[in-house]
file target_13.txt (compact mmCIF, C-alpha atoms)
# COMPACT_ATOMS: atom_id res chain seq x y z
CA MET A 1461 2.39 17.42 44.23
CA GLU A 1462 -0.26 14.80 44.86
CA LYS A 1463 -0.98 12.86 41.69
CA LYS A 1464 -4.70 12.46 41.01
CA ARG A 1465 -5.66 8.90 40.24
CA GLU A 1466 -8.13 9.92 37.60
CA MET A 1467 -7.03 12.45 35.06
CA PHE A 1468 -9.39 14.38 32.89
CA ALA A 1469 -7.83 15.44 29.60
CA GLY A 1470 -9.17 18.97 30.01
CA GLU A 1471 -7.20 19.40 33.23
CA ASN A 1472 -4.07 17.59 32.04
CA GLY A 1473 -2.43 18.95 28.94
CA LEU A 1474 -5.53 19.68 26.90
CA GLN A 1475 -6.84 22.72 28.75
CA GLY A 1476 -9.17 24.66 26.47
CA ASP A 1477 -8.80 22.19 23.61
CA PRO A 1478 -11.90 22.77 21.46
CA ARG A 1479 -11.91 19.13 20.38
CA LEU A 1480 -12.99 18.07 23.88
CA LYS A 1481 -16.07 20.29 23.78
CA ALA A 1482 -17.06 18.90 20.39
CA ILE A 1483 -16.56 15.33 21.61
CA SER A 1484 -18.72 15.99 24.67
CA GLU A 1485 -21.45 17.58 22.59
CA ALA A 1486 -21.47 14.65 20.18
CA ILE A 1487 -22.44 12.25 22.96
CA ARG A 1488 -26.17 11.70 23.39
CA VAL A 1489 -27.88 11.14 26.74
CA VAL A 1490 -30.72 8.62 26.73
CA PRO A 1491 -32.78 8.85 29.94
CA HIS A 1492 -33.92 5.75 31.80
CA PHE A 1493 -31.85 3.22 29.87
CA PRO A 1494 -31.36 0.36 30.57
CA LYS A 1495 -33.60 1.11 33.54
CA GLN A 1496 -35.33 3.97 35.36
CA GLY A 1497 -33.03 6.56 36.82
CA ILE A 1498 -30.01 5.87 34.62
CA MET A 1499 -28.99 8.66 32.22
CA PHE A 1500 -27.24 6.52 29.60
CA GLN A 1501 -24.24 8.12 27.90
CA ASP A 1502 -24.63 7.03 24.26
CA ILE A 1503 -21.41 7.21 22.24
CA THR A 1504 -23.02 6.02 19.00
CA THR A 1505 -23.75 9.64 18.09
CA LEU A 1506 -20.03 10.38 18.50
CA LEU A 1507 -19.32 7.64 15.93
CA LEU A 1508 -21.65 9.42 13.48
CA ASP A 1509 -19.57 12.60 13.71
CA HIS A 1510 -16.47 11.76 11.70
CA LYS A 1511 -14.40 14.69 12.91
CA ALA A 1512 -15.28 14.18 16.58
CA PHE A 1513 -14.65 10.43 16.33
CA LYS A 1514 -11.32 11.02 14.62
CA ASP A 1515 -10.38 13.62 17.25
CA THR A 1516 -11.23 11.13 20.02
CA VAL A 1517 -8.87 8.55 18.54
CA ASP A 1518 -6.19 11.17 17.79
CA ILE A 1519 -6.15 12.45 21.38
CA PHE A 1520 -5.54 8.94 22.70
CA VAL A 1521 -2.96 8.19 19.99
CA ASP A 1522 -1.03 11.39 20.74
CA ARG A 1523 -0.93 10.44 24.41
CA TYR A 1524 0.12 6.81 23.99
CA ARG A 1525 2.27 6.66 20.86
CA ASP A 1526 5.60 7.15 22.64
CA MET A 1527 4.93 5.11 25.75
CA GLY A 1528 6.27 1.77 24.44
CA ILE A 1529 2.82 0.23 24.54
CA SER A 1530 2.56 -3.04 22.64
CA VAL A 1531 -0.95 -4.10 23.70
CA VAL A 1532 -4.28 -2.29 23.49
CA ALA A 1533 -6.92 -4.35 25.31
CA GLY A 1534 -10.51 -3.33 24.52
CA VAL A 1535 -13.50 -4.31 26.62
CA GLU A 1536 -16.44 -5.81 24.72
CA ALA A 1537 -18.31 -4.35 22.97
CA ARG A 1538 -17.87 -0.56 22.93
CA GLY A 1539 -14.17 -0.85 23.71
CA PHE A 1540 -13.94 -2.57 20.31
CA MET A 1541 -15.11 0.64 18.64
CA PHE A 1542 -12.17 2.70 19.92
CA GLY A 1543 -9.36 0.28 20.73
CA PRO A 1544 -8.43 -1.07 17.28
CA SER A 1545 -7.94 2.37 15.72
CA ILE A 1546 -5.65 3.35 18.58
CA ALA A 1547 -3.73 0.06 18.32
CA LEU A 1548 -3.25 0.47 14.57
CA ALA A 1549 -1.96 4.02 14.94
CA ILE A 1550 0.57 3.21 17.67
CA GLY A 1551 1.71 -0.13 16.18
CA ALA A 1552 0.34 -2.23 19.02
CA LYS A 1553 -1.66 -5.41 18.91
CA PHE A 1554 -5.35 -5.34 19.75
CA VAL A 1555 -6.62 -7.83 22.32
CA PRO A 1556 -10.39 -8.18 22.78
CA LEU A 1557 -11.58 -8.79 26.34
CA ARG A 1558 -14.86 -10.60 26.00
CA LYS A 1559 -17.93 -11.84 27.81
CA PRO A 1560 -17.88 -15.56 28.64
CA ASN A 1561 -17.86 -18.19 25.91
CA LYS A 1562 -17.28 -15.83 23.00
CA LEU A 1563 -13.55 -16.38 22.50
CA PRO A 1564 -12.71 -19.72 20.88
CA GLY A 1565 -9.80 -21.75 22.18
CA GLU A 1566 -8.13 -21.44 25.54
CA VAL A 1567 -8.95 -18.45 27.74
CA ILE A 1568 -8.33 -17.11 31.21
CA SER A 1569 -11.22 -15.49 32.98
CA GLU A 1570 -11.73 -13.00 35.80
CA ALA A 1571 -14.98 -12.50 37.69
CA TYR A 1572 -16.26 -9.10 38.72
CA VAL A 1573 -19.15 -7.83 40.79
CA LEU A 1574 -22.33 -6.36 39.33
CA GLU A 1575 -25.07 -4.56 41.22
CA TYR A 1576 -26.79 -7.93 41.47
CA GLY A 1577 -24.60 -10.96 40.92
CA THR A 1578 -21.33 -11.31 39.04
CA ASP A 1579 -20.07 -11.47 35.47
CA ARG A 1580 -16.80 -12.59 33.89
CA LEU A 1581 -14.34 -11.16 31.43
CA GLU A 1582 -12.14 -13.44 29.30
CA MET A 1583 -8.86 -13.10 27.41
CA HIS A 1584 -7.09 -15.55 25.13
CA VAL A 1585 -4.20 -17.51 26.55
CA GLY A 1586 -1.07 -16.46 24.68
CA ALA A 1587 -2.43 -13.15 23.41
CA VAL A 1588 -0.15 -11.18 25.72
CA GLN A 1589 3.43 -11.95 26.83
CA PRO A 1590 5.01 -11.22 30.22
CA GLY A 1591 6.59 -7.80 30.31
CA GLU A 1592 4.42 -6.25 27.62
CA ARG A 1593 3.12 -2.77 28.32
CA ALA A 1594 -0.65 -2.50 27.95
CA LEU A 1595 -3.42 0.05 27.66
CA VAL A 1596 -6.98 -0.88 28.63
CA ILE A 1597 -9.73 0.92 26.75
CA ASP A 1598 -13.49 1.17 27.18
CA ASP A 1599 -16.04 3.80 26.21
CA LEU A 1600 -17.00 4.65 29.77
CA ILE A 1601 -16.00 4.01 33.37
CA ALA A 1602 -18.67 3.84 36.07
CA THR A 1603 -17.71 1.86 39.17
CA GLY A 1604 -14.55 0.51 37.54
CA GLY A 1605 -15.45 -3.13 38.16
CA THR A 1606 -15.01 -4.18 34.54
CA LEU A 1607 -11.75 -2.26 34.16
CA CYS A 1608 -10.41 -3.82 37.36
CA ALA A 1609 -11.16 -7.26 35.94
CA ALA A 1610 -9.36 -6.27 32.74
CA ILE A 1611 -6.30 -5.09 34.69
CA LYS A 1612 -6.22 -8.36 36.63
CA LEU A 1613 -6.36 -10.46 33.47
CA LEU A 1614 -3.39 -8.63 32.01
CA GLU A 1615 -1.40 -8.70 35.25
CA ARG A 1616 -2.05 -12.41 35.69
CA VAL A 1617 -0.10 -13.03 32.48
CA GLY A 1618 2.70 -10.72 33.56
CA ALA A 1619 1.84 -7.65 31.49
CA GLU A 1620 2.25 -4.16 32.90
CA VAL A 1621 -0.90 -2.05 32.65
CA VAL A 1622 0.35 1.45 31.90
CA GLU A 1623 -3.04 3.18 31.99
CA CYS A 1624 -6.79 2.75 31.55
CA ALA A 1625 -8.41 5.09 29.05
CA CYS A 1626 -12.08 5.95 28.67
CA VAL A 1627 -13.97 8.49 26.64
CA ILE A 1628 -16.39 9.24 29.53
CA GLY A 1629 -15.88 9.10 33.30
CA LEU A 1630 -18.91 8.95 35.59
CA PRO A 1631 -18.77 10.55 39.05
CA GLU A 1632 -18.68 7.09 40.67
CA ALA A 1633 -15.21 6.68 39.18
CA LYS A 1634 -13.79 9.51 41.26
CA GLY A 1635 -11.79 8.96 44.38
CA GLN A 1636 -12.22 5.20 44.55
CA CYS A 1637 -9.46 2.71 45.17
CA ARG A 1638 -10.81 0.30 42.59
CA LEU A 1639 -8.31 0.49 39.79
CA ASN A 1640 -5.52 -1.18 41.75
CA GLY A 1641 -3.46 2.01 41.72
CA LYS A 1642 -3.48 2.19 37.93
CA PRO A 1643 -3.87 5.63 36.38
CA LEU A 1644 -7.08 6.46 34.60
CA TYR A 1645 -7.30 8.92 31.71
CA ILE A 1646 -10.70 10.29 30.74
CA LEU A 1647 -11.68 12.65 27.95
CA VAL A 1648 -15.01 14.05 29.16
CA GLU A 1649 -17.49 14.05 32.01
CA PRO A 1650 -21.03 12.79 31.46
CA ARG A 1651 -23.62 15.08 29.93
CA LYS A 1652 -26.68 15.88 31.91
CA MET B 1327 -11.58 -11.06 -4.56
CA ALA B 1328 -8.59 -9.14 -3.30
CA SER B 1329 -6.05 -11.79 -4.31
CA GLU B 1330 -6.76 -10.94 -7.94
CA ASP B 1331 -4.97 -7.66 -7.32
CA ALA B 1332 -1.21 -7.52 -7.01
CA GLN B 1333 -1.51 -7.81 -3.22
CA ASP B 1334 -0.49 -11.45 -2.81
CA HIS B 1335 2.07 -10.84 -0.10
CA ARG B 1336 -0.38 -8.97 2.10
CA ILE B 1337 -3.15 -11.51 1.57
CA ALA B 1338 -0.80 -14.39 2.34
CA ARG B 1339 0.22 -12.83 5.64
CA ILE B 1340 -3.40 -12.09 6.56
CA SER B 1341 -4.49 -15.61 5.69
CA SER B 1342 -1.74 -17.24 7.72
CA ALA B 1343 -2.48 -14.99 10.70
CA ILE B 1344 -5.99 -16.39 11.03
CA ARG B 1345 -6.25 -19.32 13.44
CA VAL B 1346 -8.63 -22.24 12.97
CA ILE B 1347 -10.19 -23.68 16.12
CA PRO B 1348 -11.83 -27.08 15.56
CA ASP B 1349 -15.19 -27.89 17.08
CA PHE B 1350 -16.09 -24.39 18.24
CA PRO B 1351 -18.76 -23.43 19.15
CA LYS B 1352 -19.87 -27.02 18.59
CA PRO B 1353 -18.47 -30.27 17.11
CA GLY B 1354 -17.91 -30.20 13.38
CA ILE B 1355 -17.41 -26.45 13.07
CA MET B 1356 -13.91 -25.24 12.11
CA PHE B 1357 -14.01 -21.76 13.66
CA GLN B 1358 -12.08 -19.03 11.82
CA ASP B 1359 -10.51 -17.01 14.64
CA ILE B 1360 -9.46 -13.50 13.60
CA THR B 1361 -8.11 -12.57 17.04
CA THR B 1362 -4.68 -13.85 16.03
CA LEU B 1363 -4.79 -11.49 13.03
CA LEU B 1364 -5.31 -8.62 15.50
CA LEU B 1365 -2.14 -9.69 17.33
CA ASP B 1366 -0.06 -9.07 14.18
CA PRO B 1367 -0.01 -5.27 13.79
CA GLN B 1368 1.30 -5.42 10.22
CA ALA B 1369 -1.30 -7.97 9.11
CA PHE B 1370 -4.11 -6.05 10.85
CA LYS B 1371 -2.94 -2.83 9.21
CA ASP B 1372 -2.78 -4.57 5.83
CA THR B 1373 -6.34 -5.84 6.32
CA ILE B 1374 -7.64 -2.34 6.92
CA ASP B 1375 -5.52 -0.88 4.12
CA LEU B 1376 -6.91 -3.36 1.59
CA PHE B 1377 -10.46 -2.29 2.40
CA VAL B 1378 -9.58 1.42 2.52
CA GLU B 1379 -7.84 1.23 -0.86
CA ARG B 1380 -10.99 -0.25 -2.34
CA TYR B 1381 -13.51 2.14 -0.78
CA LYS B 1382 -11.77 5.51 -0.47
CA GLY B 1383 -13.05 8.13 -2.88
CA LYS B 1384 -16.25 6.22 -3.64
CA SER B 1385 -18.55 8.63 -1.76
CA ILE B 1386 -19.34 6.09 0.91
CA SER B 1387 -20.66 7.95 3.93
CA VAL B 1388 -21.70 5.00 6.12
CA VAL B 1389 -19.79 1.97 7.36
CA ALA B 1390 -22.18 -0.36 9.17
CA GLY B 1391 -20.47 -2.98 11.33
CA ILE B 1392 -22.12 -6.08 12.72
CA GLU B 1393 -21.71 -6.87 16.41
CA ALA B 1394 -19.24 -7.72 17.70
CA ARG B 1395 -16.33 -8.51 15.37
CA GLY B 1396 -17.60 -6.04 12.77
CA PHE B 1397 -16.90 -3.40 15.43
CA ILE B 1398 -13.19 -4.25 15.25
CA PHE B 1399 -12.78 -3.73 11.49
CA GLY B 1400 -15.49 -1.18 10.70
CA PRO B 1401 -14.37 1.88 12.68
CA PRO B 1402 -10.78 2.02 11.35
CA ILE B 1403 -12.16 1.77 7.81
CA ALA B 1404 -14.79 4.45 8.50
CA LEU B 1405 -12.21 6.81 9.95
CA ALA B 1406 -9.86 6.34 7.01
CA ILE B 1407 -12.48 6.91 4.30
CA GLY B 1408 -14.28 9.82 6.01
CA ALA B 1409 -17.47 7.92 6.78
CA LYS B 1410 -19.54 7.55 9.91
CA PHE B 1411 -19.60 4.24 11.76
CA VAL B 1412 -22.97 2.67 12.56
CA PRO B 1413 -23.07 -0.35 14.87
CA MET B 1414 -25.63 -3.04 14.03
CA ARG B 1415 -26.38 -4.69 17.35
CA LYS B 1416 -28.06 -7.64 19.01
CA PRO B 1417 -31.44 -6.81 20.57
CA ASN B 1418 -31.74 -4.41 23.50
CA LYS B 1419 -28.16 -3.13 23.40
CA LEU B 1420 -28.74 0.16 21.59
CA PRO B 1421 -30.41 2.84 23.73
CA GLY B 1422 -33.14 5.00 22.26
CA ALA B 1423 -35.33 4.32 19.24
CA VAL B 1424 -34.23 1.48 16.96
CA ILE B 1425 -35.43 -0.42 13.93
CA SER B 1426 -34.94 -4.15 13.95
CA GLN B 1427 -34.74 -6.98 11.44
CA GLU B 1428 -35.34 -10.61 12.22
CA TYR B 1429 -33.40 -13.34 10.46
CA ALA B 1430 -33.37 -17.13 10.44
CA LEU B 1431 -30.86 -19.23 12.35
CA GLU B 1432 -30.30 -22.95 11.97
CA TYR B 1433 -32.81 -23.32 14.82
CA GLY B 1434 -35.05 -20.34 15.50
CA THR B 1435 -34.47 -16.69 14.70
CA ASP B 1436 -32.42 -13.73 15.88
CA LYS B 1437 -32.65 -9.98 15.40
CA ILE B 1438 -30.30 -7.15 14.68
CA GLU B 1439 -31.00 -3.50 15.41
CA MET B 1440 -29.90 -0.09 14.17
CA HIS B 1441 -30.57 3.34 15.60
CA VAL B 1442 -33.35 5.41 14.08
CA GLY B 1443 -31.74 8.49 12.54
CA ALA B 1444 -28.23 7.04 12.29
CA VAL B 1445 -28.41 7.05 8.51
CA GLN B 1446 -30.26 9.19 5.98
CA ALA B 1447 -32.07 8.19 2.80
CA GLY B 1448 -29.71 8.30 -0.16
CA GLU B 1449 -26.50 7.67 1.78
CA ARG B 1450 -24.09 5.12 0.32
CA ALA B 1451 -23.12 2.37 2.74
CA LEU B 1452 -20.75 -0.49 3.25
CA VAL B 1453 -21.63 -3.43 5.54
CA ILE B 1454 -18.69 -5.01 7.38
CA ASP B 1455 -18.29 -8.22 9.32
CA ASP B 1456 -15.30 -10.43 10.01
CA LEU B 1457 -16.77 -13.40 8.18
CA ILE B 1458 -19.63 -14.43 5.90
CA ALA B 1459 -21.05 -17.92 6.43
CA THR B 1460 -24.66 -18.41 5.31
CA GLY B 1461 -25.13 -14.67 4.78
CA GLY B 1462 -28.16 -14.49 7.08
CA THR B 1463 -26.81 -11.73 9.29
CA LEU B 1464 -25.49 -9.70 6.36
CA CYS B 1465 -28.85 -9.96 4.61
CA ALA B 1466 -30.58 -8.69 7.74
CA ALA B 1467 -28.15 -5.77 7.88
CA ILE B 1468 -28.76 -4.95 4.21
CA ASN B 1469 -32.51 -5.07 4.84
CA LEU B 1470 -32.25 -2.64 7.74
CA LEU B 1471 -30.32 -0.14 5.66
CA GLU B 1472 -32.53 -0.50 2.59
CA ARG B 1473 -35.67 -0.01 4.70
CA VAL B 1474 -34.44 3.51 5.40
CA GLU B 1475 -33.53 4.01 1.73
CA VAL B 1476 -29.79 3.72 2.03
CA ASP B 1477 -27.87 2.45 -0.98
CA VAL B 1478 -25.82 -0.55 0.14
CA VAL B 1479 -22.85 -0.41 -2.21
CA GLU B 1480 -21.09 -3.60 -1.06
CA CYS B 1481 -20.63 -6.08 1.77
CA ALA B 1482 -17.06 -6.59 2.90
CA CYS B 1483 -15.67 -9.42 5.02
CA VAL B 1484 -12.22 -10.63 5.90
CA ILE B 1485 -13.20 -14.29 5.38
CA GLU B 1486 -15.73 -16.15 3.25
CA LEU B 1487 -16.85 -19.75 3.81
CA PRO B 1488 -17.77 -20.51 0.20
CA GLU B 1489 -19.38 -23.89 0.93
CA LEU B 1490 -22.14 -22.11 2.83
CA LYS B 1491 -23.05 -20.07 -0.25
CA GLY B 1492 -23.50 -16.75 1.53
CA ARG B 1493 -22.51 -14.95 -1.66
CA ASP B 1494 -25.53 -16.40 -3.44
CA ARG B 1495 -27.80 -15.44 -0.57
CA LEU B 1496 -26.75 -11.81 -1.00
CA GLY B 1497 -28.22 -11.92 -4.48
CA ASP B 1498 -27.38 -8.80 -6.42
CA LYS B 1499 -25.41 -7.22 -3.58
CA PRO B 1500 -21.69 -7.40 -4.30
CA LEU B 1501 -19.45 -9.13 -1.78
CA PHE B 1502 -15.74 -8.41 -1.34
CA VAL B 1503 -13.59 -10.71 0.77
CA LEU B 1504 -9.88 -10.99 1.42
CA VAL B 1505 -9.61 -14.70 2.20
CA SER B 1506 -11.63 -17.71 1.17
CA ALA B 1507 -11.62 -20.50 3.75
CA ALA B 1508 -12.47 -23.59 1.78
call {"tool": "encode", "arguments": {"input": "target_13.txt", "output": "structure tokens"}}
result
Amino acid sequence: MEKKREMFAGENGLQGDPRLKAISEAIRVVPHFPKQGIMFQDITTLLLDHKAFKDTVDIFVDRYRDMGISVVAGVEARGFMFGPSIALAIGAKFVPLRKPNKLPGEVISEAYVLEYGTDRLEMHVGAVQPGERALVIDDLIATGGTLCAAIKLLERVGAEVVECACVIGLPEAKGQCRLNGKPLYILVEPRK
Amino acid sequence: MASEDAQDHRIARISSAIRVIPDFPKPGIMFQDITTLLLDPQAFKDTIDLFVERYKGKSISVVAGIEARGFIFGPPIALAIGAKFVPMRKPNKLPGAVISQEYALEYGTDKIEMHVGAVQAGERALVIDDLIATGGTLCAAINLLERVEVDVVECACVIELPELKGRDRLGDKPLFVLVSAA
């Protein structure tokens, strides 16, 4: 059976789980942010709904707790809102992946492409050891550029990226070869 | 301060897990780096537990965390005590309607923002950040919450830099910290 590269929770083990519907409904859509034409998927309203927020974390924890994962890497800034709780529950360390010049001390950095121009993601030298098994977490995946940069940072230090996990997966994330073959696990699709 | 409780072993581990980086972001500043604390799952858990033990059962319905390191500590605390998490962000990051509060920097000013409607009048709130220095950012966060008639019960930080007198700047708002970096 062909393995899909992106896996929605509702089609993989959580069919009909009412928590997914509540999580989806807790997300607010803000039209034309940050610019015209973009329907921004705002997770801050999910964070205001204690049960839905807890369910979000619990679903990820249930999936990852027995996978021998020792690193949860969260992408600044909204990855910081989900990653630490998952890390704490599965006994892993939390590693923040940050915009340039935020992390003190020695870092490695990976550039990635934006619509116009490039940006960089940084990770502390020594945060992750070779052979560690890692999860990458962000609130949302669009083109996957940021997540690809995150995967590269971890692989450059010899870690194994087990999976990338996002609360929301935009249509652009489907069917693309941009996650270097790494599986992607997504809770919900965007709201209209 | 937490060390006055019988929690010395947890505080000692937390304190020693914090790394000091000299001359960051500029010469003369000894930067208190909490990322090494996050690499020690037991110490990170202990950090959260110490806050949760203090705030559980106190009818706190809002944990407001200041971007970006407040986002690391705030949500686990909020989840454990049954509160919502409200991010306080730099300008133009939050989509939709916001209220904003300006505050003074060494040179110039900055602003933090909170979503309109995130909190209701009468809610009891905690404000979280990794560290308190001068207290400018925390004061701005308190102002934002009080402008919408929220009762800020306490500010909580992992680290305090007592020489910068942030505690005094908070005035009558209580401050709880785990570690004092003298």
call {"tool": "closest_atom_pairs", "arguments": {"input": "target_13.txt", "of": "chain A", "to": "chain B", "cutoff": "8 Å", "atoms": "all atoms listed in the file", "output": "tab-separated table"}}
result
residue	atom	partner	partner_atom	distance
A:Val1490	CA	B:Gly1422	CA	6.2
A:Phe1493	CA	B:Pro1421	CA	6.3
A:Pro1494	CA	B:Pro1421	CA	7.3
A:Phe1500	CA	B:Pro1421	CA	7.6
A:Asp1502	CA	B:Pro1421	CA	7.2
A:Thr1504	CA	B:Val1412	CA	7.3
A:Thr1505	CA	B:Ala1444	CA	7.8
A:Leu1507	CA	B:Phe1411	CA	5.4
A:Leu1508	CA	B:Lys1410	CA	4.5
A:Asp1509	CA	B:Lys1410	CA	6.3
A:His1510	CA	B:Lys1410	CA	5.5
A:Phe1513	CA	B:Leu1405	CA	7.7
A:Lys1514	CA	B:Leu1405	CA	6.4
A:Glu1536	CA	B:Ala1394	CA	7.8
A:Ala1537	CA	B:Ala1394	CA	6.3
A:Phe1540	CA	B:Ile1398	CA	5.4
A:Met1541	CA	B:Phe1397	CA	5.5
A:Phe1542	CA	B:Pro1401	CA	7.6
A:Pro1544	CA	B:Ile1398	CA	6.1
A:Ser1545	CA	B:Pro1402	CA	5.2
A:Ala1547	CA	B:Pro1367	CA	7.9
A:Leu1548	CA	B:Lys1371	CA	6.3
A:Gly1551	CA	B:Pro1367	CA	5.9
A:Ala1552	CA	B:Pro1367	CA	6.1
A:Lys1553	CA	B:Leu1365	CA	4.6
A:Phe1554	CA	B:Leu1364	CA	5.4
A:Val1555	CA	B:Leu1365	CA	7.0
A:Pro1556	CA	B:Thr1361	CA	7.6
A:Pro1564	CA	B:Phe1350	CA	6.3
A:Gly1565	CA	B:Ile1347	CA	6.4
A:Ala1587	CA	B:Leu1365	CA	7.0
call {"tool": "axis_aligned_box", "arguments": {"input": "target_13.txt", "around": "region 1491-1508 of chain B", "padding_each_side": "8 Å", "output": "JSON"}}
result
{"center_x": -18.9, "center_y": -15.4, "center_z": -1.3, "size_x": 34.6, "size_y": 32.4, "size_z": 26.2}
call {"tool": "atom_distance", "arguments": {"input": "target_13.txt", "atom1": "CA of Asn1640 (chain A)", "atom2": "CA of Gly1605 (chain A)"}}
result
10.7 Å
call {"tool": "residues_around", "arguments": {"input": "target_13.txt", "residues": "Glu1472 (chain B)", "least_positions_apart": "5", "cutoff": "10 Å", "atoms": "all atoms listed in the file", "output": "short mmCIF file (atom, residue, chain, number, x, y, z; two decimals) with C-alpha atoms, in the frame of the given file"}}
result
data_model
loop_
_atom_site.label_atom_id
_atom_site.label_comp_id
_atom_site.auth_asym_id
_atom_site.auth_seq_id
_atom_site.Cartn_x
_atom_site.Cartn_y
_atom_site.Cartn_z
CA ALA B 1447 -32.07 8.19 2.80
CA GLY B 1448 -29.71 8.30 -0.16
CA ALA B 1451 -23.12 2.37 2.74
CA ALA B 1466 -30.58 -8.69 7.74
CA ALA B 1467 -28.15 -5.77 7.88
CA ASP B 1477 -27.87 2.45 -0.98
CA VAL B 1478 -25.82 -0.55 0.14
#
call {"tool": "residues_around", "arguments": {"input": "target_13.txt", "residues": "Ser1341 (chain B)", "least_positions_apart": "4", "cutoff": "10 Å", "atoms": "all atoms listed in the file", "output": "PDB file with C-alpha atoms, keeping the file's coordinate frame"}}
result
ATOM      1  CA  HIS B1335       2.070 -10.840  -0.100  1.00  0.00           C
ATOM      2  CA  ARG B1336      -0.380  -8.970   2.100  1.00  0.00           C
ATOM      3  CA  ILE B1337      -3.150 -11.510   1.570  1.00  0.00           C
ATOM      4  CA  ARG B1345      -6.250 -19.320  13.440  1.00  0.00           C
ATOM      5  CA  ILE B1360      -9.460 -13.500  13.600  1.00  0.00           C
ATOM      6  CA  LEU B1363      -4.790 -11.490  13.030  1.00  0.00           C
ATOM      7  CA  ALA B1369      -1.300  -7.970   9.110  1.00  0.00           C
ATOM      8  CA  THR B1373      -6.340  -5.840   6.320  1.00  0.00           C
ATOM      9  CA  VAL B1484     -12.220 -10.630   5.900  1.00  0.00           C
ATOM     10  CA  ILE B1485     -13.200 -14.290   5.380  1.00  0.00           C
ATOM     11  CA  LEU B1504      -9.880 -10.990   1.420  1.00  0.00           C
ATOM     12  CA  VAL B1505      -9.610 -14.700   2.200  1.00  0.00           C
ATOM     13  CA  SER B1506     -11.630 -17.710   1.170  1.00  0.00           C
ATOM     14  CA  ALA B1507     -11.620 -20.500   3.750  1.00  0.00           C
TER      15      ALA B1507
END
call {"tool": "atom_distance", "arguments": {"input": "target_13.txt", "atom1": "CA of Val1489 (chain A)", "atom2": "CA of Val1596 (chain A)"}}
result
24.2 Å
call {"tool": "atom_distance", "arguments": {"input": "target_13.txt", "atom1": "CA of Val1535 (chain A)", "atom2": "CA of Leu1607 (chain A)"}}
result
8.0 Å
call {"tool": "residues_near_point", "arguments": {"input": "target_13.txt", "point": "(-28.2, -3.4, 17.0)", "cutoff": "6 Å", "atoms": "only C-alpha atoms", "output": "VMD selection string"}}
result
chain B and resid 1414 to 1417 1420 1438 to 1440
call {"tool": "residues_near_point", "arguments": {"input": "target_13.txt", "point": "(-8.5, -10.1, 35.0)", "cutoff": "10 Å", "atoms": "all atoms listed in the file", "output": "VMD selection string"}}
result
chain A and resid 1557 1568 to 1572 1580 to 1583 1606 to 1617
call {"tool": "residues_around", "arguments": {"input": "target_13.txt", "residues": "Ala1594 (chain A)", "least_positions_apart": "6", "cutoff": "6 Å", "atoms": "only C-alpha atoms", "output": "PDB file with C-alpha atoms, in the frame of the given file"}}
result
ATOM      1  CA  ILE A1529       2.820   0.230  24.540  1.00  0.00           C
ATOM      2  CA  VAL A1531      -0.950  -4.100  23.700  1.00  0.00           C
ATOM      3  CA  VAL A1532      -4.280  -2.290  23.490  1.00  0.00           C
ATOM      4  CA  GLU A1620       2.250  -4.160  32.900  1.00  0.00           C
ATOM      5  CA  VAL A1621      -0.900  -2.050  32.650  1.00  0.00           C
ATOM      6  CA  VAL A1622       0.350   1.450  31.900  1.00  0.00           C
TER       7      VAL A1622
END
call {"tool": "residues_around", "arguments": {"input": "target_13.txt", "residues": "Asp1498 (chain B)", "least_positions_apart": "5", "cutoff": "12 Å", "atoms": "only C-alpha atoms", "output": "PyMOL selection string"}}
result
chain B and resi 1465+1468+1478-1481+1492-1493
call {"tool": "closest_residue", "arguments": {"input": "target_13.txt", "among": "B:Lys1437, B:Lys1491, B:Arg1450, B:Arg1339", "to": "Lys1384 (chain B)", "atoms": "only C-alpha atoms"}}
result
B:Arg1450
call {"tool": "residues_around", "arguments": {"input": "target_13.txt", "residues": "Leu1431 (chain B)", "least_positions_apart": "6", "cutoff": "12 Å", "atoms": "all atoms listed in the file", "output": "ChimeraX atom specification"}}
result
/B:1437,1459-1463,1466
call {"tool": "write_last_selection", "arguments": {"input": "target_13.txt", "atoms": "C-alpha atoms", "output": "mmCIF file, keeping the file's coordinate frame"}}
result
data_model
loop_
_atom_site.group_PDB
_atom_site.id
_atom_site.type_symbol
_atom_site.label_atom_id
_atom_site.label_comp_id
_atom_site.auth_asym_id
_atom_site.auth_seq_id
_atom_site.Cartn_x
_atom_site.Cartn_y
_atom_site.Cartn_z
ATOM 1 C CA LYS B 1437 -32.650 -9.980 15.400
ATOM 2 C CA ALA B 1459 -21.050 -17.920 6.430
ATOM 3 C CA THR B 1460 -24.660 -18.410 5.310
ATOM 4 C CA GLY B 1461 -25.130 -14.670 4.780
ATOM 5 C CA GLY B 1462 -28.160 -14.490 7.080
ATOM 6 C CA THR B 1463 -26.810 -11.730 9.290
ATOM 7 C CA ALA B 1466 -30.580 -8.690 7.740
#
